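Chemist: Pasting in a structure now, in structure tokens, and then I'll have a few things to ask.
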Amino acid sequence: MRRSKGITSTVIWSICIVQILVGCAAVHEYGKLEKNARRSYQRGDYDQAVFKCAESLRLNPEYGKAQTLIQDALRAAVNTHLAKIKELRGLSAEYRWDKIVSEYEALSELNRTIESLPVLRGKKTGEIIRFELTDYSKNLTEAKTNAAEVHYQAGIDLSQKEGMDFKKQAAKEFKSALHFVPDYKDASSKYEECRKEATKRMVIIPFKDKSGKEDKYGAISEMITDEIRTGIMGDSTVAEFLKLVSREELRNVLREQNLQMSDLVDEQTAVKVGKHLGAHEILLGEIELINYSPPRATINRLKRQTQVVVSEERSKKVRKKTYKTVSATVKVYTKEANASVMGSCKLINVNTGGLVKSSSLKGEAHFKYQWATYDGDERALTSKDKELTQKGRLITFSEKELVTQAARNFSASVLQELTPYLR
């Protein structure tokens, strides 16, 4: 029986300890959130102060500091947004309604945050804390309608002008109108009409490999061309106003013209083919150089030394430890290899034969692997040393894989150069 009571007391004590620890963790969390909210409030970010206070109160609805701060922060946030709306309404700026919409959306988000709170009662009074919230839904609807109308009218004006660039801008304006009010007037059909008129047809000619290493690394040029095609069509902001001529269309025209793909290296011939394809622009490119630096190894010897406890004596009042210095020598092996692909690309206007863009580009890939061995006492090793000693020797890698990665990075450079223009 005595043993049973002892076990029961131990269990109860353990449960109490766990509850205290959990409680402390919770206090730390909601207190931390309130402190973050106070910092936001002090720097004038009242919305964020409300959101952080709300998180704190969801953990502890009775937390007085957060209760007081959220009321002050909410008043300040609402007043700030209303003042901004008043200022914007007094302006004549064409797109002021876009900003007014943002302000009303922020006010609505604040309302949703307050409405999602648990019931709050004052810690001293026990009375329910009530918030005076204004419904801004009608104001938001009005602002969205006004914003949509501004963009719609801008789209109408631009669509009446000649040129693909104007049609593209018009399409974007109609799309903006639909963003504020779905199915606004006939903006959807006008967007499609302008988008079609603004859509360019582009021919991507397979890049010419002039590196002389095609036999060694395979069809790198084809891979680069495919990567560029995939990247362009995978970017919705680019594909919205761009159509790539398919490989099959290109091959058919080449057969009709009794030409080979290699003939398209000549710009005049490429422009001629582009006209037959009804293209607006042609992308030509060359791989000029492929470099590969074989793996090189280095060894770094490091001396490690530390003190460890070898014995410990305890008495009622004193605890004495005896230390010993231990050491080790660590050899860190590093193996590295590099590859690079260098080349250029040109974007040509088919109608004029003029150069739209021209860039010299480079793609690089780097391989690095480290491992370590040691002599001496393992206790002297750092955590990083231990991690490296547990790794095996160099994992094998392929030269071709590294060059292929450099080629992919070259393709990414081409896309990075083209994307801002194509958008």
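Chain labels follow the order of the structure tokens: the first chain is A, the next B, and so on; residue numbering restarts at 1 in every chain, and ligands are counted from 1 in their shown order.
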Determine, using only C-alpha atoms, which residues of stretch 177-200 of chain A have any atom at most 12 Å from an atom of stretch 243-262 of chain A, and tabulate each with its shortest atom pair and distance in Å to one decimal place, rows ordered by chain and then rising number, as JSON lines.

Modeler:
```
{"residue": "A:Arg195", "atom": "CA", "partner": "A:Lys243", "partner_atom": "CA", "distance": 11.3}
{"residue": "A:Lys196", "atom": "CA", "partner": "A:Lys243", "partner_atom": "CA", "distance": 10.0}
{"residue": "A:Glu197", "atom": "CA", "partner": "A:Lys243", "partner_atom": "CA", "distance": 11.8}
{"residue": "A:Ala198", "atom": "CA", "partner": "A:Lys243", "partner_atom": "CA", "distance": 10.5}
{"residue": "A:Thr199", "atom": "CA", "partner": "A:Lys243", "partner_atom": "CA", "distance": 6.8}
{"residue": "A:Lys200", "atom": "CA", "partner": "A:Lys243", "partner_atom": "CA", "distance": 6.0}
```

Chemist: Ranking A:Ser211, A:Glu109, A:Phe166, A:Ala66 by minimum distance to A:His81 and counting only C-alpha atoms, which one comes first?

Modeler: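 Using only C-alpha atoms, A:His81 sits closest to A:Glu109.
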
Chemist: Please identify all polymer residues within 6 Å of A:Gly285, counting only C-alpha atoms, omitting same-chain residues fewer than 2 positions from it, and present them as a list in words.

Modeler: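 Within the cut-off, the hits are Phe207, Ser344 and Cys345 of chain A.
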
Chemist: Suppose you want the space between atom CA of A:Leu59 and atom CA of A:Asp45; what is it in Å?

Modeler: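 That distance, rounded to one decimal, is 22.0 Å.
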
Chemist: Work out how far atom CA of A:Met233 is from atom CA of A:Gly343, in Å to one decimal.

Modeler: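 Between atom CA of A:Gly343 and atom CA of A:Met233 the gap works out to 22.3 Å.
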
Chemist: Counting only C-alpha atoms, figure out which residue out of A:Leu107, A:Leu117, A:Ile205, A:Val309 gets nearest to A:Val273.

Modeler: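 Smallest distance to A:Val273 is found for A:Ile205.
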
Chemist: Write out as a PyMOL selection string the set of residues from stretch 149-181 of chain A that DSSP, computed on the backbone, places in alpha helix (DSSP H).

Modeler: chain A and resi 149-159+164-180

Chemist: Need to verify the contact set: A:Ala297, 9 Å, only C-alpha atoms, exclusion of same-chain residues closer than 5 positions in sequence. Can you return it as an MDAnalysis selection string?

Modeler: chainID A and resid 333:336

Chemist: Using 12 Å as the limit and counting only C-alpha atoms, can you tabulate each residue of stretch 265-294 of chain A that touches stretch 214-231 of chain A, with its shortest atom-to-atom distance in Å and the two atoms involved, as JSON lines?

Modeler:
```
{"residue": "A:Leu283", "atom": "CA", "partner": "A:Thr225", "partner_atom": "CA", "distance": 10.0}
{"residue": "A:Leu284", "atom": "CA", "partner": "A:Thr225", "partner_atom": "CA", "distance": 9.9}
{"residue": "A:Gly285", "atom": "CA", "partner": "A:Thr225", "partner_atom": "CA", "distance": 8.9}
{"residue": "A:Glu286", "atom": "CA", "partner": "A:Ser221", "partner_atom": "CA", "distance": 8.2}
{"residue": "A:Ile287", "atom": "CA", "partner": "A:Ser221", "partner_atom": "CA", "distance": 7.1}
{"residue": "A:Glu288", "atom": "CA", "partner": "A:Ser221", "partner_atom": "CA", "distance": 10.6}
{"residue": "A:Leu289", "atom": "CA", "partner": "A:Glu214", "partner_atom": "CA", "distance": 10.9}
{"residue": "A:Ile290", "atom": "CA", "partner": "A:Tyr217", "partner_atom": "CA", "distance": 9.5}
{"residue": "A:Asn291", "atom": "CA", "partner": "A:Tyr217", "partner_atom": "CA", "distance": 11.2}
{"residue": "A:Tyr292", "atom": "CA", "partner": "A:Tyr217", "partner_atom": "CA", "distance": 10.9}
```

Chemist: Env of stretch 399-402 of chain A: 9 Å cut, atoms = only C-alpha atoms, seq-sep filter 5 positions within chain, self excluded. Answer as a list in words.

Modeler: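 Once the adjacent positions are removed, what remains is Lys216, Tyr217, Gly218, Tyr292, Pro294, Ala337, Asn338, Ala339, Ser340, Glu364, Ala365, His366, Phe367 and Ala407 of chain A.
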
Chemist: Save the residues we just selected, C-alpha atoms, as a short mmCIF file (atom, residue, chain, number, x, y, z; two decimals), in the first residue's frame?

Modeler:
```
data_model
loop_
_atom_site.label_atom_id
_atom_site.label_comp_id
_atom_site.auth_asym_id
_atom_site.auth_seq_id
_atom_site.Cartn_x
_atom_site.Cartn_y
_atom_site.Cartn_z
CA LYS A 216 30.75 14.72 -76.53
CA TYR A 217 27.76 16.15 -74.66
CA GLY A 218 24.83 15.29 -76.90
CA TYR A 292 34.41 21.97 -68.28
CA PRO A 294 37.77 18.62 -64.15
CA ALA A 337 34.27 20.97 -60.57
CA ASN A 338 32.81 23.66 -62.84
CA ALA A 339 31.09 23.84 -66.20
CA SER A 340 29.91 26.78 -68.27
CA GLU A 364 27.33 28.09 -65.10
CA ALA A 365 27.18 25.00 -62.88
CA HIS A 366 29.31 24.28 -59.86
CA PHE A 367 29.86 20.98 -58.05
CA ALA A 407 23.09 24.55 -70.31
#
```

Chemist: Give me the residues within 8 Å of A:Leu347 as a ChimeraX atom specification, counting only C-alpha atoms and dropping any in the same chain fewer than 3 places off.

Modeler: /A:281-284,355-358

Chemist: Please produce, as JSON lines, a per-residue contact table for stretch 114-167 of chain A versus stretch 93-105 of chain A (criterion: any atom at most 12 Å away, only C-alpha atoms considered), showing the nearest atom pair and its distance in Å to one decimal, sorted by chain then residue number.

Modeler:
```
{"residue": "A:Thr134", "atom": "CA", "partner": "A:Tyr104", "partner_atom": "CA", "distance": 11.1}
{"residue": "A:Asp135", "atom": "CA", "partner": "A:Tyr104", "partner_atom": "CA", "distance": 10.1}
{"residue": "A:Tyr136", "atom": "CA", "partner": "A:Tyr104", "partner_atom": "CA", "distance": 6.7}
{"residue": "A:Ser137", "atom": "CA", "partner": "A:Tyr104", "partner_atom": "CA", "distance": 8.2}
{"residue": "A:Lys138", "atom": "CA", "partner": "A:Tyr104", "partner_atom": "CA", "distance": 9.8}
{"residue": "A:Asn139", "atom": "CA", "partner": "A:Tyr104", "partner_atom": "CA", "distance": 7.2}
{"residue": "A:Leu140", "atom": "CA", "partner": "A:Tyr104", "partner_atom": "CA", "distance": 5.6}
{"residue": "A:Thr141", "atom": "CA", "partner": "A:Val101", "partner_atom": "CA", "distance": 8.5}
{"residue": "A:Glu142", "atom": "CA", "partner": "A:Val101", "partner_atom": "CA", "distance": 8.9}
{"residue": "A:Ala143", "atom": "CA", "partner": "A:Val101", "partner_atom": "CA", "distance": 5.5}
{"residue": "A:Lys144", "atom": "CA", "partner": "A:Val101", "partner_atom": "CA", "distance": 6.0}
{"residue": "A:Thr145", "atom": "CA", "partner": "A:Trp97", "partner_atom": "CA", "distance": 8.9}
{"residue": "A:Asn146", "atom": "CA", "partner": "A:Trp97", "partner_atom": "CA", "distance": 6.4}
{"residue": "A:Ala147", "atom": "CA", "partner": "A:Trp97", "partner_atom": "CA", "distance": 4.9}
{"residue": "A:Ala148", "atom": "CA", "partner": "A:Asp98", "partner_atom": "CA", "distance": 8.7}
{"residue": "A:Glu149", "atom": "CA", "partner": "A:Trp97", "partner_atom": "CA", "distance": 9.7}
{"residue": "A:Val150", "atom": "CA", "partner": "A:Tyr95", "partner_atom": "CA", "distance": 7.1}
{"residue": "A:His151", "atom": "CA", "partner": "A:Tyr95", "partner_atom": "CA", "distance": 8.1}
{"residue": "A:Tyr152", "atom": "CA", "partner": "A:Tyr95", "partner_atom": "CA", "distance": 11.6}
{"residue": "A:Gln153", "atom": "CA", "partner": "A:Glu94", "partner_atom": "CA", "distance": 10.8}
{"residue": "A:Ala154", "atom": "CA", "partner": "A:Glu94", "partner_atom": "CA", "distance": 9.6}
```

Chemist: Fewer than 2 positions away in the same chain doesn't count, so skip those; otherwise give me all residues within 12 Å of A:Lys123, counting only C-alpha atoms, as a list in words.

Modeler: Asn60, Pro61, Glu62, Tyr63, Gly64, Lys65, Ala66, Gln67, Thr68, Leu120, Arg121, Thr125, Gly126, Glu127, Ile128 and Ile129 of chain A

Chemist: Please report, as a count of residues only, each residue of stretch 67-301 of chain A to which DSSP assigns strand (DSSP E) when run on this structure's backbone.

Modeler: 31

Chemist: Of the residues A:Gln405, A:Arg423, A:Lys208, A:Arg38, which is the one nearest to A:Lys172, using only C-alpha atoms?

Modeler: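 So, comparing all the options, the nearest one is A:Arg423.
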
Chemist: Hey, can you check how far atom CA of A:Asn36 sits from atom CA of A:Phe51?

Modeler: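 Computed distance, atom CA of A:Asn36 to atom CA of A:Phe51, equals 10.2 Å.
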
Chemist: Name the closest residue to A:Val403 among the candidates A:Arg296, A:Thr373, A:Val341, A:Ala73; distances are taken between atoms, counting only C-alpha atoms.

Modeler: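 Under the stated criterion, the closest residue is A:Val341.
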